[in-house]
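Below is structure28.txt, holding compact mmCIF, C-alpha atoms and all ligand atoms.
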```txt
# COMPACT_ATOMS: atom_id res chain seq x y z
CA MET S 652 0.00 0.00 0.00
CA ARG S 653 1.31 3.42 -0.89
CA SER S 654 1.05 5.93 1.89
CA VAL S 655 -1.18 8.93 1.46
CA ALA S 656 0.49 12.35 1.72
CA LEU S 657 -2.65 14.42 1.27
CA LYS S 658 -6.31 13.65 1.57
CA VAL S 659 -8.89 16.24 0.59
CA SER S 660 -12.37 15.25 1.62
CA SER S 661 -15.64 16.87 0.40
CA VAL S 662 -14.26 20.40 0.45
CA VAL S 663 -16.70 23.22 -0.27
CA LYS S 664 -15.69 26.86 -0.47
CA HIS S 665 -17.80 29.92 -1.28
CA TYR S 666 -16.75 33.50 -1.92
CA GLY S 667 -20.04 35.24 -1.22
CA ALA S 668 -22.45 33.77 -3.75
CA VAL S 669 -19.66 32.21 -5.86
CA LYS S 670 -19.19 28.52 -5.23
CA ALA S 671 -15.47 28.20 -5.93
CA LEU S 672 -15.24 24.59 -4.68
CA ASP S 673 -18.23 22.31 -4.91
CA GLY S 674 -17.34 19.13 -3.02
CA VAL S 675 -13.78 18.21 -3.90
CA SER S 676 -12.29 14.90 -2.76
CA PHE S 677 -9.04 13.21 -3.77
CA GLU S 678 -5.85 11.68 -2.42
CA VAL S 679 -2.24 12.21 -3.35
CA TYR S 680 0.38 9.57 -2.55
CA GLU S 681 3.71 10.18 -0.94
CA GLY S 682 6.36 10.96 -3.54
CA GLU S 683 3.81 11.57 -6.25
CA TYR S 684 3.96 14.43 -8.73
CA PHE S 685 0.31 15.40 -8.99
CA ALA S 686 -1.05 18.10 -11.31
CA ILE S 687 -4.33 19.97 -11.15
CA ILE S 688 -5.49 21.45 -14.43
CA GLY S 689 -8.60 23.26 -15.55
CA PRO S 690 -9.66 26.47 -17.20
CA SER S 691 -9.34 29.84 -15.53
CA GLY S 692 -11.87 30.23 -12.71
CA SER S 693 -12.38 26.48 -12.21
CA GLY S 694 -11.18 26.65 -8.59
CA LYS S 695 -7.58 25.43 -8.83
CA SER S 696 -6.02 28.24 -6.82
CA THR S 697 -8.78 28.16 -4.24
CA LEU S 698 -8.19 24.45 -3.75
CA LEU S 699 -4.45 24.97 -3.31
CA LYS S 700 -5.06 27.82 -0.84
CA CYS S 701 -7.35 25.61 1.22
CA ILE S 702 -4.63 22.94 1.36
CA ALA S 703 -2.02 25.54 2.28
CA GLY S 704 -4.20 27.15 4.93
CA LEU S 705 -4.50 30.51 3.17
CA GLU S 706 -8.24 29.98 2.80
CA LYS S 707 -10.59 28.15 5.12
CA PRO S 708 -13.02 25.64 3.58
CA ASP S 709 -16.72 26.08 4.48
CA LYS S 710 -16.99 22.30 4.69
CA GLY S 711 -14.77 19.27 4.37
CA ASP S 712 -11.39 18.17 5.65
CA ILE S 713 -7.76 18.63 4.69
CA ILE S 714 -5.53 15.85 5.97
CA ILE S 715 -1.77 16.10 5.52
CA PHE S 716 0.29 13.01 6.37
CA GLY S 717 -2.55 11.66 8.44
CA ARG S 718 -3.21 14.81 10.43
CA ARG S 719 -6.32 16.95 10.03
CA VAL S 720 -4.98 20.46 9.51
CA ASN S 721 -8.18 22.50 9.09
CA GLU S 722 -7.46 24.52 12.20
CA LEU S 723 -3.71 24.92 11.67
CA PRO S 724 -2.21 28.12 10.29
CA PRO S 725 -0.17 27.82 7.06
CA GLU S 726 3.23 27.85 8.77
CA ARG S 727 2.32 24.86 10.90
CA ARG S 728 1.15 22.65 8.06
CA GLY S 729 4.66 21.76 6.92
CA VAL S 730 3.98 22.59 3.29
CA GLY S 731 6.14 24.53 0.85
CA LEU S 732 4.40 27.05 -1.34
CA ILE S 733 5.29 28.51 -4.70
CA PHE S 734 2.97 30.99 -6.26
CA GLN S 735 3.19 32.94 -9.48
CA GLU S 736 3.58 36.13 -7.47
CA ILE S 737 7.08 35.72 -6.14
CA HIS S 738 7.78 36.40 -2.48
CA LEU S 739 11.53 36.66 -1.89
CA PHE S 740 13.15 38.60 0.93
CA PRO S 741 14.49 41.71 -0.85
CA HIS S 742 17.25 42.36 1.69
CA MET S 743 18.71 38.85 1.45
CA THR S 744 20.89 37.45 -1.30
CA VAL S 745 19.70 34.58 -3.45
CA ARG S 746 21.67 32.19 -1.30
CA GLY S 747 20.25 33.72 1.87
CA ASN S 748 16.74 33.40 0.55
CA VAL S 749 17.19 29.78 -0.38
CA LEU S 750 19.01 28.88 2.81
CA TYR S 751 16.60 30.62 5.16
CA PRO S 752 13.75 28.09 5.50
CA ALA S 753 16.18 25.18 5.41
CA VAL S 754 18.12 26.67 8.33
CA VAL S 755 14.95 27.57 10.23
CA ARG S 756 13.83 23.98 9.94
CA GLY S 757 17.28 22.70 10.81
CA VAL S 758 17.64 20.68 7.65
CA GLU S 759 20.88 18.77 8.02
CA ARG S 760 23.61 19.88 5.70
CA ALA S 761 21.34 22.70 4.53
CA SER S 762 24.19 24.45 2.83
CA GLU S 763 24.98 21.45 0.65
CA ALA S 764 21.34 20.88 -0.28
CA VAL S 765 21.04 24.51 -1.28
CA ARG S 766 24.11 24.38 -3.48
CA ASP S 767 22.79 21.31 -5.29
CA VAL S 768 19.38 22.78 -5.89
CA LEU S 769 20.76 26.14 -7.07
CA SER S 770 23.07 24.43 -9.49
CA SER S 771 20.35 22.11 -10.83
CA LEU S 772 18.20 25.13 -11.56
CA SER S 773 21.20 27.01 -13.06
CA VAL S 774 21.08 29.96 -10.71
CA GLU S 775 24.26 29.18 -8.77
CA LEU S 776 26.15 32.03 -10.44
CA LYS S 777 23.61 34.48 -9.06
CA ALA S 778 23.86 33.19 -5.49
CA ARG S 779 25.40 36.43 -4.23
CA ASN S 780 22.98 38.68 -6.06
CA PHE S 781 19.90 40.28 -4.58
CA PRO S 782 16.42 39.48 -5.92
CA ARG S 783 16.05 42.91 -7.57
CA GLU S 784 19.11 42.16 -9.72
CA LEU S 785 17.43 39.10 -11.22
CA SER S 786 14.91 38.71 -14.02
CA LEU S 787 11.43 37.57 -13.06
CA GLY S 788 12.17 34.11 -14.38
CA GLU S 789 15.32 33.90 -12.27
CA GLN S 790 13.47 35.10 -9.20
CA GLN S 791 10.95 32.37 -9.76
CA LYS S 792 13.76 29.82 -9.98
CA VAL S 793 15.04 31.08 -6.65
CA ALA S 794 11.60 30.69 -5.13
CA LEU S 795 11.49 27.12 -6.47
CA ALA S 796 14.98 26.43 -5.15
CA ARG S 797 14.02 27.75 -1.74
CA THR S 798 10.99 25.52 -1.45
CA LEU S 799 12.75 22.43 -2.77
CA ALA S 800 15.72 22.94 -0.45
CA SER S 801 13.50 23.53 2.59
CA GLN S 802 12.50 19.87 2.40
CA SER S 803 8.90 20.50 3.19
CA LYS S 804 7.58 17.07 2.36
CA LEU S 805 4.55 18.47 0.56
CA VAL S 806 5.13 21.18 -2.05
CA LEU S 807 2.28 23.19 -3.53
CA MET S 808 2.92 25.12 -6.73
CA ASP S 809 0.42 27.45 -8.37
CA GLU S 810 1.34 28.35 -11.96
CA PRO S 811 5.03 28.28 -11.02
CA TYR S 812 6.21 29.07 -14.55
CA GLY S 813 3.73 31.87 -15.17
CA SER S 814 6.36 34.61 -15.15
CA MET S 815 8.84 32.81 -17.44
CA ASP S 816 9.23 32.62 -21.16
CA PRO S 817 7.92 29.30 -22.55
CA ARG S 818 11.37 27.97 -23.50
CA THR S 819 12.80 28.47 -19.99
CA ALA S 820 9.63 27.07 -18.48
CA GLU S 821 9.85 23.95 -20.60
CA LEU S 822 13.43 23.18 -19.59
CA LEU S 823 12.77 23.97 -15.97
CA ARG S 824 9.72 21.81 -15.56
CA TYR S 825 11.71 18.62 -16.17
CA GLU S 826 14.47 19.75 -13.82
CA VAL S 827 11.95 20.52 -11.07
CA ARG S 828 10.32 17.13 -11.48
CA ARG S 829 13.69 15.43 -11.36
CA LEU S 830 14.69 17.33 -8.21
CA ALA S 831 11.37 16.67 -6.52
CA LYS S 832 11.70 12.95 -7.23
CA SER S 833 15.28 12.78 -6.04
CA LEU S 834 14.38 14.64 -2.83
CA GLY S 835 11.36 12.40 -2.29
CA LEU S 836 8.91 15.30 -2.26
CA THR S 837 5.20 15.10 -2.89
CA VAL S 838 4.25 17.83 -5.35
CA ILE S 839 0.91 19.34 -6.24
CA HIS S 840 1.31 21.50 -9.30
CA VAL S 841 -1.55 23.70 -10.46
CA THR S 842 -1.55 24.93 -14.02
CA HIS S 843 -3.97 26.02 -16.73
CA ASN S 844 -1.47 24.56 -19.22
CA GLN S 845 -2.54 20.99 -19.82
CA GLU S 846 0.51 20.25 -21.93
CA GLU S 847 2.78 21.20 -19.02
CA ALA S 848 0.84 18.87 -16.73
CA MET S 849 0.90 16.01 -19.25
CA ALA S 850 4.67 16.37 -19.53
CA VAL S 851 5.56 16.07 -15.84
CA ALA S 852 2.71 14.65 -13.78
CA ASP S 853 2.29 11.09 -12.56
CA ARG S 854 -1.44 11.77 -12.27
CA ILE S 855 -3.63 14.71 -13.17
CA ALA S 856 -6.92 15.98 -11.77
CA VAL S 857 -9.05 17.91 -14.25
CA MET S 858 -11.19 20.60 -12.64
CA ARG S 859 -14.23 22.35 -13.96
CA ARG S 860 -16.56 24.72 -12.14
CA GLY S 861 -15.32 23.83 -8.67
CA ARG S 862 -15.43 20.08 -9.19
CA ILE S 863 -13.00 17.38 -10.23
CA GLU S 864 -14.14 15.87 -13.51
CA GLN S 865 -11.58 13.10 -13.69
CA ILE S 866 -8.32 11.96 -12.12
CA GLY S 867 -5.92 9.77 -14.02
CA GLU S 868 -2.54 9.24 -15.54
CA PRO S 869 -1.89 11.49 -18.53
CA VAL S 870 -2.42 8.63 -20.98
CA ASP S 871 -5.79 7.72 -19.37
CA LEU S 872 -7.08 11.24 -19.66
CA TYR S 873 -5.95 11.38 -23.25
CA LEU S 874 -7.22 8.00 -24.44
CA ARG S 875 -10.02 7.30 -21.99
CA PRO S 876 -11.71 10.58 -21.06
CA ARG S 877 -14.87 10.02 -19.03
CA SER S 878 -16.50 13.26 -20.05
CA LEU S 879 -16.67 15.40 -23.16
CA PHE S 880 -15.07 18.23 -21.26
CA VAL S 881 -12.00 16.13 -20.48
CA ALA S 882 -11.92 14.93 -24.10
CA ARG S 883 -11.88 18.55 -25.19
CA PHE S 884 -9.61 20.08 -22.56
CA VAL S 885 -6.87 17.45 -22.49
CA GLY S 886 -4.58 16.65 -25.38
CA GLY S 887 -5.45 19.44 -27.77
CA GLU S 888 -8.00 19.27 -30.55
CA ASN S 889 -10.65 16.59 -30.78
CA ASN S 890 -13.54 15.72 -33.08
CA PHE S 891 -17.04 15.03 -31.81
CA LEU S 892 -19.74 13.21 -33.78
CA GLU S 893 -23.15 12.81 -32.25
CA GLY S 894 -25.59 10.07 -33.15
CA ARG S 895 -27.98 7.37 -31.96
CA VAL S 896 -26.78 4.32 -30.12
CA ALA S 897 -27.20 1.47 -32.59
CA GLY S 898 -25.49 -1.52 -31.05
CA SER S 899 -23.09 -2.68 -28.40
CA LYS S 900 -20.55 -5.37 -27.79
CA ALA S 901 -18.76 -4.67 -24.51
CA PRO S 902 -16.64 -2.65 -24.17
CA PHE S 903 -17.58 -1.15 -27.55
CA THR S 904 -20.64 0.75 -28.73
CA ALA S 905 -21.85 1.54 -32.22
CA ILE S 906 -23.45 4.84 -33.01
CA ASP S 907 -25.42 5.80 -36.06
CA VAL S 908 -24.16 9.21 -37.15
CA GLY S 909 -26.59 9.44 -40.06
CA SER S 910 -24.37 8.49 -42.96
CA CYS S 911 -22.92 5.36 -41.35
CA LEU S 912 -22.47 3.26 -38.22
CA LEU S 913 -19.31 3.96 -36.23
CA TRP S 914 -17.89 1.82 -33.43
CA GLY S 915 -15.91 3.20 -30.53
CA TRP S 916 -14.75 2.33 -27.02
CA GLY S 917 -17.22 2.96 -24.21
CA GLU S 918 -20.56 1.81 -22.86
CA VAL S 919 -23.59 4.06 -22.88
CA ASN S 920 -27.02 3.49 -21.33
CA ASP S 921 -28.81 6.07 -23.38
CA GLU S 922 -30.29 6.63 -26.81
CA LYS S 923 -27.93 9.34 -27.92
CA ALA S 924 -24.17 9.37 -27.69
CA VAL S 925 -21.13 11.23 -28.90
CA LEU S 926 -18.10 9.67 -30.51
CA ALA S 927 -14.83 11.51 -29.84
CA ILE S 928 -11.96 10.83 -32.22
CA ARG S 929 -8.60 12.60 -32.16
CA PRO S 930 -7.41 14.31 -35.36
CA GLU S 931 -4.21 12.22 -35.36
CA LYS S 932 -6.21 8.98 -35.10
CA LEU S 933 -8.09 9.66 -38.35
CA ARG S 934 -6.53 8.57 -41.63
CA PHE S 935 -7.36 8.63 -45.30
CA ALA S 936 -8.41 5.15 -46.40
CA ALA S 937 -10.24 3.89 -49.46
CA ASP S 938 -12.53 1.77 -47.28
CA GLY S 939 -13.27 4.52 -44.73
CA LEU S 940 -16.90 4.93 -43.74
CA LEU S 941 -16.86 8.71 -43.42
CA GLU S 942 -16.83 10.57 -46.70
CA GLY S 943 -16.21 14.20 -47.55
CA ILE S 944 -14.23 16.90 -49.30
CA VAL S 945 -10.91 18.37 -48.19
CA GLU S 946 -11.65 22.02 -47.44
CA ALA S 947 -8.27 23.20 -46.19
CA ARG S 948 -4.73 21.98 -45.61
CA GLU S 949 -2.09 23.34 -43.30
CA PHE S 950 1.52 22.11 -43.06
CA LEU S 951 2.50 21.48 -39.44
CA GLY S 952 6.09 20.35 -39.96
CA LYS S 953 5.82 16.61 -39.44
CA THR S 954 2.21 16.27 -40.46
CA TYR S 955 -0.54 18.04 -42.33
CA LYS S 956 -3.68 19.29 -40.71
CA TYR S 957 -6.81 19.03 -42.84
CA LEU S 958 -10.34 20.25 -42.49
CA VAL S 959 -12.61 17.68 -44.10
CA LYS S 960 -16.23 18.59 -44.68
CA LEU S 961 -18.39 15.50 -44.52
CA ASP S 962 -21.32 15.11 -46.88
CA ASP S 963 -23.72 15.87 -44.02
CA GLY S 964 -21.98 19.21 -43.42
CA ARG S 965 -19.98 18.28 -40.32
CA VAL S 966 -16.33 19.31 -40.39
CA LEU S 967 -13.60 17.05 -39.00
CA ILE S 968 -9.97 17.86 -38.26
CA VAL S 969 -7.49 15.29 -39.54
CA LYS S 970 -3.76 15.20 -38.81
CA THR S 971 -1.66 12.85 -40.90
CA ARG S 972 1.57 12.65 -42.87
CA ASP S 973 -0.39 11.78 -46.02
CA LYS S 974 -0.62 14.54 -48.56
CA VAL S 975 -3.86 15.11 -50.45
CA GLU S 976 -5.02 18.17 -52.38
CA VAL S 977 -7.62 20.66 -51.25
CA GLY S 978 -10.87 19.86 -53.05
CA SER S 979 -10.21 16.09 -53.16
CA ARG S 980 -12.91 13.67 -52.21
CA VAL S 981 -11.68 11.47 -49.38
CA ARG S 982 -12.76 8.68 -47.08
CA LEU S 983 -11.73 8.58 -43.43
CA SER S 984 -11.08 5.62 -41.22
CA PHE S 985 -9.92 4.95 -37.64
CA ASN S 986 -9.36 2.06 -35.24
CA LEU S 987 -12.33 1.49 -32.99
CA GLU S 988 -10.20 1.44 -29.85
CA ASP S 989 -8.97 4.96 -30.65
CA ALA S 990 -12.48 6.41 -30.61
CA VAL S 991 -14.32 7.05 -27.35
CA VAL S 992 -18.09 6.87 -27.03
CA LEU S 993 -19.65 9.02 -24.30
CA PRO S 994 -23.26 9.69 -23.32
CA TYR S 995 -24.84 12.66 -25.05
CA PRO S 996 -24.76 15.48 -22.48
CA ARG S 997 -28.06 16.79 -21.18
CA GLU S 998 -26.86 20.37 -21.51
CA GLY S 999 -25.97 19.88 -25.18
CA LEU S 1000 -22.63 19.31 -26.84
CA GLU S 1001 -21.47 22.94 -27.09
CA GLU S 1002 -22.18 23.60 -23.44
CA ALA S 1003 -20.55 20.35 -22.32
CA ILE S 1004 -17.20 21.26 -23.83
CA ARG S 1005 -17.23 24.99 -23.03
CA TYR S 1006 -14.02 26.10 -21.31
CA GLU S 1007 -15.08 28.66 -18.84
P1 LIG W 1 -8.46 29.23 -10.95
O1 LIG W 1 -7.25 29.25 -10.10
O2 LIG W 1 -8.83 27.86 -11.45
O3 LIG W 1 -8.38 30.19 -12.08
P2 LIG W 1 -9.80 30.40 -8.65
O4 LIG W 1 -9.69 29.37 -7.58
O5 LIG W 1 -8.87 31.53 -8.62
O6 LIG W 1 -9.73 29.65 -10.08
O7 LIG W 1 -11.27 30.97 -8.68
C1 LIG W 1 -12.44 30.15 -8.59
C2 LIG W 1 -13.65 31.06 -8.52
O8 LIG W 1 -13.64 31.79 -7.30
C3 LIG W 1 -13.73 32.12 -9.61
O9 LIG W 1 -15.07 32.30 -9.94
C4 LIG W 1 -13.14 33.33 -8.95
O10 LIG W 1 -13.64 34.51 -9.54
C5 LIG W 1 -13.62 33.18 -7.52
N1 LIG W 1 -12.69 33.77 -6.56
C6 LIG W 1 -11.41 33.38 -6.33
N2 LIG W 1 -10.84 34.09 -5.35
C7 LIG W 1 -11.78 34.97 -4.91
C8 LIG W 1 -11.82 35.98 -3.90
N3 LIG W 1 -10.76 36.21 -3.11
N4 LIG W 1 -12.98 36.66 -3.75
C9 LIG W 1 -14.04 36.40 -4.52
N5 LIG W 1 -14.09 35.48 -5.48
C10 LIG W 1 -12.97 34.75 -5.69
MG MG W 2 -5.44 30.30 -10.34
```
Before we go any further, please render this structure as structure tokens.
Amino acid sequence: MRSVALKVSSVVKHYGAVKALDGVSFEVYEGEYFAIIGPSGSGKSTLLKCIAGLEKPDKGDIIIFGRRVNELPPERRGVGLIFQEIHLFPHMTVRGNVLYPAVVRGVERASEAVRDVLSSLSVELKARNFPRELSLGEQQKVALARTLASQSKLVLMDEPYGSMDPRTAELLRYEVRRLAKSLGLTVIHVTHNQEEAMAVADRIAVMRRGRIEQIGEPVDLYLRPRSLFVARFVGGENNFLEGRVAGSKAPFTAIDVGSCLLWGWGEVNDEKAVLAIRPEKLRFAADGLLEGIVEAREFLGKTYKYLVKLDDGRVLIVKTRDKVEVGSRVRLSFNLEDAVVLPYPREGLEEAIRYE
């Protein structure tokens, strides 16, 4: 059994009439790198603040390493925090800033740990500088270094790369994951950038409107989304075809999309369903069941992106290495295990995949 570092149980949080968290429950294991993603306003920061003790939940429990911490102030929860707004001590050097919490906690060989972390994050040459002499990105690295070196066993990061250019952020995210793993830290990393989460997280929770829609490994969320929102939010573009349920053979379901019968993975106890198929899982094939005209082509480097207008007017995105001309008549095919069948949402398809 893996031990649980954090347990969040039925947490509800209002700001006046706004329900920022609407019953959130999940567990994070010790040593896990756990990401929380979701669109802006979905409650990610509020959730992190409740865990950190910067906000108080209206209901529910926060349990850190087996101890209920609802009543404890932030500094007694033993968590390290990194927010997008950087909070360094302006009168201390970089080294002083990084060393400070480690020394306060009496981390053994603090000085050595600090040197390692600074060098891994490539800020060792700035160790004698003051925060104001650093770029925002460098300051953020120092804040990361400070938290990692403090050896708080649970580290909470809210959009930690928000003030960096994308290239720096991309390099840094792998380094931070590597450091966290080698130090045995449990990390909860909040980001609106699903690609960032997919790249570094062991598991990801997808939030929407104050609730968790799904928790899973990156590949699960990508291949086996349990809601249309997750299918849309995770992994970039997706195609959705609605139709009537026309047959089933567990774990597959066939749906009648009008022009043909399409099979996909998933079981649905309803009349209507939606088939989600990724652009890169569609291919041109003479025996494909879907038929249409190529409306547009875009060169993406390795592949082409096509817009194919089906005969019934629906437009699908296709990404493939195959080159066909705009205006060609094509047929599209896919493997049934690459398509996901989900119940047709009561609120309608557009609403179900809306981001905000
Ligand atoms: P996210 O981090 O996912 O963007 P937040 O947790 O910041 O989302 O916000 C969730 C909801 O709570 C939003 O509707 C936001 O406007 C609201 N909210 C967040 N903080 C406050 C606050 N201090 N006062 C009032 N409303 C807030
Ligand atoms: Mg936020």
Find, counting only C-alpha atoms and all ligand atoms, the residue in S:Leu961, S:Ala937, S:Leu672, S:Val896 that gets nearest to ligand LIG 1 (chain W). S:Leu672
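Between CA of Phe903 in chain S and CA of Arg997 in chain S there is a distance of 21.7 Å.
With all atoms listed in the file as the atoms that count, the minimum distance from ligand LIG 1 (chain W) to the choices S:Gly861, S:Gly757, S:Pro782, S:Gly999 is reached by S:Gly861.
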Identify the residues around (-15.6, -6.8, -23.1) within a radius of 12 Å, measuring from all atoms listed in the file in the coordinates stated by the file, and give them as number ranges by chain. S: 899-904, 916-918, 988
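Counting all atoms listed in the file, the residue from S:Glu810, S:Asp973, S:Glu864, S:Glu922 that sits nearest to ligand LIG 1 (chain W) is S:Glu810.
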Surrounding residues of Glu942 in chain S excluding itself and chain neighbours under 2 positions, 8 Å, all atoms listed in the file, as a PDB file with C-alpha atoms, keeping the file's coordinate frame:
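Result saved to out-v4.pdb:
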```pdb
ATOM      1  CA  GLY S 939     -13.270   4.520 -44.730  1.00  0.00           C
ATOM      2  CA  LEU S 940     -16.900   4.930 -43.740  1.00  0.00           C
ATOM      3  CA  ILE S 944     -14.230  16.900 -49.300  1.00  0.00           C
ATOM      4  CA  LEU S 961     -18.390  15.500 -44.520  1.00  0.00           C
ATOM      5  CA  ASP S 962     -21.320  15.110 -46.880  1.00  0.00           C
ATOM      6  CA  ARG S 980     -12.910  13.670 -52.210  1.00  0.00           C
ATOM      7  CA  VAL S 981     -11.680  11.470 -49.380  1.00  0.00           C
ATOM      8  CA  ARG S 982     -12.760   8.680 -47.080  1.00  0.00           C
ATOM      9  CA  LEU S 983     -11.730   8.580 -43.430  1.00  0.00           C
TER      10      LEU S 983
END
```
When you draw a straight line from CA of Phe880 in chain S to CA of Val827 in chain S, how long is it in Å? 29.0 Å
Starting from the point (15.4, 31.0, -0.2), work out which residues of protein, DNA or RNA have an atom no more than 9 Å away when counting only C-alpha atoms; state them as a list in words.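 It turns out the residues near that spot are Leu739, Phe740, Met743, Thr744, Val745, Arg746, Gly747, Asn748, Val749, Leu750, Tyr751, Pro752, Ala753, Val765, Val793, Ala794, Leu795, Ala796, Arg797, Thr798, Ala800 and Ser801 of chain S.
Here CA of Asp816 in chain S stands at a distance of 27.6 Å from CA of Arg1005 in chain S.
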Could the residues that lie within 9 Å of ligand LIG 1 (chain W), counting only C-alpha atoms and all ligand atoms, be listed as a PyMOL selection string? chain S and resi 664-672+688-700+706+809-810+841-843+858-861
For the residues in that selection, give me C-alpha atoms as a PDB file, in the frame of the given file.
```pdb
ATOM      1  CA  LYS S 664     -15.690  26.860  -0.470  1.00  0.00           C
ATOM      2  CA  HIS S 665     -17.800  29.920  -1.280  1.00  0.00           C
ATOM      3  CA  TYR S 666     -16.750  33.500  -1.920  1.00  0.00           C
ATOM      4  CA  GLY S 667     -20.040  35.240  -1.220  1.00  0.00           C
ATOM      5  CA  ALA S 668     -22.450  33.770  -3.750  1.00  0.00           C
ATOM      6  CA  VAL S 669     -19.660  32.210  -5.860  1.00  0.00           C
ATOM      7  CA  LYS S 670     -19.190  28.520  -5.230  1.00  0.00           C
ATOM      8  CA  ALA S 671     -15.470  28.200  -5.930  1.00  0.00           C
ATOM      9  CA  LEU S 672     -15.240  24.590  -4.680  1.00  0.00           C
ATOM     10  CA  ILE S 688      -5.490  21.450 -14.430  1.00  0.00           C
ATOM     11  CA  GLY S 689      -8.600  23.260 -15.550  1.00  0.00           C
ATOM     12  CA  PRO S 690      -9.660  26.470 -17.200  1.00  0.00           C
ATOM     13  CA  SER S 691      -9.340  29.840 -15.530  1.00  0.00           C
ATOM     14  CA  GLY S 692     -11.870  30.230 -12.710  1.00  0.00           C
ATOM     15  CA  SER S 693     -12.380  26.480 -12.210  1.00  0.00           C
ATOM     16  CA  GLY S 694     -11.180  26.650  -8.590  1.00  0.00           C
ATOM     17  CA  LYS S 695      -7.580  25.430  -8.830  1.00  0.00           C
ATOM     18  CA  SER S 696      -6.020  28.240  -6.820  1.00  0.00           C
ATOM     19  CA  THR S 697      -8.780  28.160  -4.240  1.00  0.00           C
ATOM     20  CA  LEU S 698      -8.190  24.450  -3.750  1.00  0.00           C
ATOM     21  CA  LEU S 699      -4.450  24.970  -3.310  1.00  0.00           C
ATOM     22  CA  LYS S 700      -5.060  27.820  -0.840  1.00  0.00           C
ATOM     23  CA  GLU S 706      -8.240  29.980   2.800  1.00  0.00           C
ATOM     24  CA  ASP S 809       0.420  27.450  -8.370  1.00  0.00           C
ATOM     25  CA  GLU S 810       1.340  28.350 -11.960  1.00  0.00           C
ATOM     26  CA  VAL S 841      -1.550  23.700 -10.460  1.00  0.00           C
ATOM     27  CA  THR S 842      -1.550  24.930 -14.020  1.00  0.00           C
ATOM     28  CA  HIS S 843      -3.970  26.020 -16.730  1.00  0.00           C
ATOM     29  CA  MET S 858     -11.190  20.600 -12.640  1.00  0.00           C
ATOM     30  CA  ARG S 859     -14.230  22.350 -13.960  1.00  0.00           C
ATOM     31  CA  ARG S 860     -16.560  24.720 -12.140  1.00  0.00           C
ATOM     32  CA  GLY S 861     -15.320  23.830  -8.670  1.00  0.00           C
TER      33      GLY S 861
END
```
Which is closest to Ala778 in chain S among S:Ser803, S:Gln845, S:Thr971, S:Gln790, if we use only C-alpha atoms? S:Gln790
Best match for closeness to Arg818 in chain S among S:Val659, S:Val755, S:Gly788, S:Asn889, counting all atoms listed in the file: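 Looking at the shortest contact to Arg818 in chain S, the residue is S:Gly788.
Proximity of S:Lys658, S:Lys792, S:Arg854, S:Arg727 to Arg824 in chain S, computed with all atoms listed in the file, is greatest for S:Lys792.
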Quick one: residues within 7 Å of Ala947 in chain S, only C-alpha atoms, excluding same-chain residues fewer than 2 positions away - as a PyMOL selection string? chain S and resi 945+949+957-958+977
Residue neighbourhood Leu967 in chain S, 7 Å, all atoms listed in the file, exclusion window fewer than 6 positions, as a PDB file with C-alpha atoms, keeping the file's coordinate frame:
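Resulting contents of result-v7.pdb:
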```
ATOM      1  CA  ASN S 890     -13.540  15.720 -33.080  1.00  0.00           C
ATOM      2  CA  LEU S 958     -10.340  20.250 -42.490  1.00  0.00           C
ATOM      3  CA  VAL S 959     -12.610  17.680 -44.100  1.00  0.00           C
ATOM      4  CA  LYS S 960     -16.230  18.590 -44.680  1.00  0.00           C
TER       5      LYS S 960
END
```
Give me the residues near Pro725 in chain S as a PDB file with C-alpha atoms, keeping the file's coordinate frame, where near means some atom within 7 Å (using all atoms listed in the file) and where sequence neighbours in that chain fewer than 6 positions away do not count.
```pdb
ATOM      1  CA  ALA S 703      -2.020  25.540   2.280  1.00  0.00           C
ATOM      2  CA  GLY S 704      -4.200  27.150   4.930  1.00  0.00           C
ATOM      3  CA  LEU S 705      -4.500  30.510   3.170  1.00  0.00           C
TER       4      LEU S 705
END
```
Using all atoms listed in the file, which protein or nucleic acid residues come within 8 Å of range 865-879 of chain S? Drop anything in the same chain fewer than 3 positions from it, and give the result as an MDAnalysis selection string. chainID S and resid 849 852:858 882:883 885:886 927 989 991 993 1003:1004
